[in-house]
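Q: Before anything else, here's the structure in question.
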Amino acid sequence: MANRPQNQPWDTLIDENLKKVFVEDANADLPPHLMELLDRLDKIPVANGAGQAAGMPSHSQEEAE
Amino acid sequence: MDRQDAKAELTSHMKVLRAFAMSLTRNDAAADDLVQDTVLKAWTNLEKFQEGTNMRAWLFTILRNTFYSNRRKAVREVEDSSGAITESISVKPAHDGRLQLAEFRRALGELPVEQREILTLIGVLQYSYEEAADVCGVKVGTVKSRLNRGREALTLKMQMNSDDRMELTDAATHAVVAASGGTAA
């Protein structure tokens with residue numbers, strides 16, 4: 001069973017505000033250049049599987065604490 | 001995975017992806033750039049995505065890896081220059097919900113990004129400790145520690161704002177009472 005956090009009263013208020021902020025951001029319209037990017041995805045050449053692009057998930061992504 | 005299916009699914013995650021980018025950058029332009037880089041990397045490396053697994057989690061991982069990679073490259077750059085200035089403009093405490101949310105945004109923006117990230121994954125997206133640890137590539141203990149420190153900092157800021165409001169209310173009450181020549185009951 002997943003280990004889920006137990007909330008305290010202030011935590012609940014914080015989570016509610018976090019959700020409001022996130023929802024506000026997620027409801028914002030995407031800017032035109034991102035919409036255009038989606039439109040032209042089909043024309044973008046794809047990798048042949050060789051190499052590792054920066055930022056692609058790997059097994060050594062542990063961030064230094 | 002069929003490219004058209006992938007495109008449709010990727011498109012369906014765009015707004016949440018941008019909101020996650022905002023939670024990291026607290027800056028519109030930086031968030032847009034981050035989403036653009038993420039989409040391009042995901043699209044050109046689609047063969048690395050395992051069909052049947054969670055595409056949103058995969059996209060989040062690419063996005064956060066890209067964010068931290070860019071941040072490491074730009075260690076000398078001032079974080080969130082425009083956003084920090086905009087958000088540092090003092091907003092007077094008020095009972096209006098939008099202003100209170102603006103205060104909360106400002107407080108959130110002052111936290112270290114690693115704490116904001118965990119707060120978003122767990123507090124908003126309902127990830128378990130283990131899932132958040134997996135996305136962030138850290139141990140569960142680190143997730144708990146960042147979550148606790150983030151919540152403590154926000155609690156402190158919210159309590160301080162709450163105290164400010166009380167003081168303002170008291171001051172306003174005293175001013176009204178004094179102006180009317182009466183005394184507080």
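Convention: chains lettered A, B, ... in structure tokens order; per-chain residue numbering from 1; ligands numbered from 1 as shown.
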Find the residues of segment 9-35 of chain A that sit at most 8 Å from segment 137-156 of chain B; for each, write down the nearest two atoms and how far apart they are in Å, to one decimal. Count only C-alpha atoms. Sort by chain, then by number going up, and give it as JSON lines.
A:
```
{"residue": "A:Trp10", "atom": "CA", "partner": "B:Thr155", "partner_atom": "CA", "distance": 6.3}
{"residue": "A:Asp11", "atom": "CA", "partner": "B:Arg151", "partner_atom": "CA", "distance": 6.6}
{"residue": "A:Ile14", "atom": "CA", "partner": "B:Leu154", "partner_atom": "CA", "distance": 7.3}
```
Q: Pick out the residues sitting within 8 Å of segment 38-43 of chain A, and hand them over as a CSV table (one decimal) with C-alpha atoms, in the first residue's frame; count only C-alpha atoms, and ignore anything fewer than 3 positions along from it in its own chain.
A:
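In the end it all went to out_32.csv:
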```csv
chain,number,residue,atom,x,y,z
A,34,LEU,CA,3.2,26.1,-27.8
A,35,MET,CA,0.0,25.6,-29.8
B,7,LYS,CA,0.5,13.3,-30.1
B,11,THR,CA,-1.5,17.3,-26.2
B,43,TRP,CA,8.6,13.7,-29.3
```
Q: Skipping near chain neighbours, those fewer than 2 positions away, what residues fall within 9 Å of Lys19 of chain A using only C-alpha atoms, listed as a ChimeraX atom specification?
A: /A:14-17,21-24 /B:120,123-125
Q: Emit the selected residues as a compact mmCIF listing (two decimals), in the first residue's frame, including all heavy atoms.
A:
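For reference, part.txt as written:
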```txt
# COMPACT_ATOMS: atom_id res chain seq x y z
N ILE A 14 -2.71 24.58 3.42
CA ILE A 14 -1.62 24.74 2.45
C ILE A 14 -1.94 23.96 1.17
O ILE A 14 -1.81 24.47 0.06
CB ILE A 14 -0.28 24.28 3.05
CG1 ILE A 14 0.22 25.34 4.06
CG2 ILE A 14 0.77 24.04 1.97
CD1 ILE A 14 1.37 24.87 4.92
N ASP A 15 -2.38 22.72 1.34
CA ASP A 15 -2.70 21.90 0.16
C ASP A 15 -3.84 22.51 -0.65
O ASP A 15 -3.83 22.47 -1.88
CB ASP A 15 -3.05 20.47 0.58
CG ASP A 15 -1.83 19.68 1.01
OD1 ASP A 15 -0.70 20.21 0.87
OD2 ASP A 15 -1.98 18.54 1.48
N GLU A 16 -4.83 23.08 0.06
CA GLU A 16 -5.94 23.73 -0.66
C GLU A 16 -5.43 24.89 -1.49
O GLU A 16 -5.82 25.07 -2.65
CB GLU A 16 -7.00 24.23 0.34
CG GLU A 16 -7.89 23.13 0.87
CD GLU A 16 -8.79 23.61 2.01
OE1 GLU A 16 -8.83 24.83 2.27
OE2 GLU A 16 -9.44 22.75 2.63
N ASN A 17 -4.54 25.68 -0.89
CA ASN A 17 -3.98 26.82 -1.63
C ASN A 17 -3.08 26.35 -2.77
O ASN A 17 -3.08 26.95 -3.85
CB ASN A 17 -3.19 27.73 -0.68
CG ASN A 17 -4.10 28.67 0.08
OD1 ASN A 17 -5.14 29.08 -0.42
ND2 ASN A 17 -3.73 29.01 1.30
N VAL A 21 -3.61 27.37 -6.69
CA VAL A 21 -2.55 27.94 -7.53
C VAL A 21 -2.34 27.08 -8.78
O VAL A 21 -2.27 27.58 -9.90
CB VAL A 21 -1.23 28.06 -6.73
CG1 VAL A 21 -0.05 28.33 -7.65
CG2 VAL A 21 -1.35 29.15 -5.68
N PHE A 22 -2.28 25.76 -8.56
CA PHE A 22 -2.02 24.84 -9.67
C PHE A 22 -3.17 24.87 -10.68
O PHE A 22 -2.94 24.92 -11.89
CB PHE A 22 -1.81 23.42 -9.13
CG PHE A 22 -1.23 22.46 -10.14
CD1 PHE A 22 0.14 22.33 -10.28
CD2 PHE A 22 -2.05 21.69 -10.94
CE1 PHE A 22 0.68 21.45 -11.21
CE2 PHE A 22 -1.53 20.81 -11.88
CZ PHE A 22 -0.14 20.69 -12.00
N VAL A 23 -4.39 24.85 -10.16
CA VAL A 23 -5.57 24.85 -11.05
C VAL A 23 -5.62 26.15 -11.85
O VAL A 23 -5.91 26.14 -13.06
CB VAL A 23 -6.87 24.65 -10.23
CG1 VAL A 23 -8.10 25.00 -11.04
CG2 VAL A 23 -6.95 23.21 -9.73
N GLU A 24 -5.31 27.25 -11.18
CA GLU A 24 -5.28 28.55 -11.87
C GLU A 24 -4.27 28.49 -13.02
O GLU A 24 -4.55 28.94 -14.13
CB GLU A 24 -4.88 29.64 -10.87
CG GLU A 24 -5.41 31.02 -11.21
CD GLU A 24 -5.20 31.99 -10.06
OE1 GLU A 24 -4.05 32.46 -9.87
OE2 GLU A 24 -6.16 32.28 -9.34
N THR B 120 4.04 20.26 -4.71
CA THR B 120 3.12 20.14 -5.85
C THR B 120 2.80 18.67 -6.12
O THR B 120 1.63 18.30 -6.29
CB THR B 120 3.74 20.78 -7.11
OG1 THR B 120 3.98 22.16 -6.83
CG2 THR B 120 2.81 20.67 -8.30
N GLY B 123 1.05 17.47 -2.56
CA GLY B 123 -0.10 18.25 -2.12
C GLY B 123 -1.15 18.45 -3.19
O GLY B 123 -2.33 18.53 -2.89
N VAL B 124 -0.72 18.53 -4.45
CA VAL B 124 -1.67 18.81 -5.54
C VAL B 124 -1.98 17.54 -6.33
O VAL B 124 -3.14 17.20 -6.53
CB VAL B 124 -1.10 19.87 -6.51
CG1 VAL B 124 -2.07 20.13 -7.65
CG2 VAL B 124 -0.79 21.15 -5.76
N LEU B 125 -0.93 16.87 -6.76
CA LEU B 125 -1.13 15.74 -7.67
C LEU B 125 -1.33 14.42 -6.94
O LEU B 125 -1.50 13.38 -7.58
CB LEU B 125 0.05 15.65 -8.64
CG LEU B 125 0.21 16.92 -9.51
CD1 LEU B 125 1.53 16.93 -10.25
CD2 LEU B 125 -0.94 17.03 -10.51
```
Q: Restrict the calculation to only C-alpha atoms, then for each residue of chain B with any atom at most 6 Å from an atom of chain A give the closest atom pair and their distance in Å to one decimal, rows by chain and rising residue number, as a Markdown table.
A:
```
| residue | atom | partner | partner_atom | distance |
| --- | --- | --- | --- | --- |
| B:Lys15 | CA | A:Ala26 | CA | 5.0 |
| B:Val16 | CA | A:Ala26 | CA | 5.3 |
| B:Ala19 | CA | A:Ala26 | CA | 4.9 |
| B:Thr44 | CA | A:Val46 | CA | 4.2 |
| B:Asn45 | CA | A:Ala47 | CA | 5.9 |
| B:Ile62 | CA | A:Met56 | CA | 5.3 |
| B:Asn65 | CA | A:Gly55 | CA | 4.6 |
| B:Thr66 | CA | A:Gly55 | CA | 4.4 |
| B:Gly123 | CA | A:Asp15 | CA | 5.0 |
| B:Val124 | CA | A:Lys19 | CA | 5.2 |
| B:Ser128 | CA | A:Arg4 | CA | 5.0 |
| B:Tyr129 | CA | A:Asn3 | CA | 5.9 |
| B:Gly137 | CA | A:Glu62 | CA | 4.4 |
| B:Val138 | CA | A:Glu62 | CA | 5.4 |
```
Q: Please list as a compact mmCIF listing (two decimals) with C-alpha atoms, in the first residue's frame every residue within 12 Å of Val113 of chain B, counting only C-alpha atoms and excluding residues in the same chain fewer than 4 positions away.
A:
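Done, and the output landed in result21.txt:
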```
# COMPACT_ATOMS: atom_id res chain seq x y z
CA PHE B 20 4.03 21.85 -13.26
CA ALA B 21 6.60 23.97 -15.09
CA MET B 22 5.14 27.05 -13.40
CA SER B 23 5.47 25.35 -10.01
CA LEU B 24 9.20 24.98 -10.70
CA THR B 25 9.99 28.27 -12.40
CA ARG B 26 7.33 30.70 -11.06
CA ARG B 64 12.14 18.33 -14.21
CA PHE B 67 14.81 22.19 -15.56
CA TYR B 68 17.58 21.04 -13.21
CA ARG B 71 19.66 25.39 -13.80
CA GLU B 79 16.58 32.85 -10.58
CA ASP B 80 13.25 34.11 -11.83
CA LEU B 108 5.47 29.64 -2.42
CA GLY B 109 7.83 31.41 -4.81
CA GLU B 117 8.27 20.53 -6.46
CA ILE B 118 7.52 18.03 -3.69
CA LEU B 119 4.65 20.16 -2.36
CA THR B 120 3.12 20.14 -5.85
CA CYS B 136 12.50 13.21 -8.43
CA ARG B 146 11.48 18.43 1.72
CA LEU B 147 7.73 18.16 2.25
CA ARG B 149 10.43 21.79 5.48
CA GLY B 150 8.23 23.27 2.73
```
Q: Atom CA of Asp5 of chain B and atom CA of Ala133 of chain B, how far apart in Å?
A: 28.6 Å
Q: In Å, how far is it from atom CA of Met160 of chain B to atom CA of Leu121 of chain B?
A: 25.4 Å
Q: Please report the interatomic distance between atom CA of Met55 of chain B and atom CA of Glu36 of chain A in Å with one decimal.
A: 21.2 Å
Q: Excluding same-chain residues fewer than 2 positions from Val135 of chain B, what lies within 8 Å of it counting only C-alpha atoms, as a list in words?
A: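 Contacts, with the query itself left out: Ala57, Phe60, Thr61, Glu131, Ala132, Ala133 and Gly137 of chain B.
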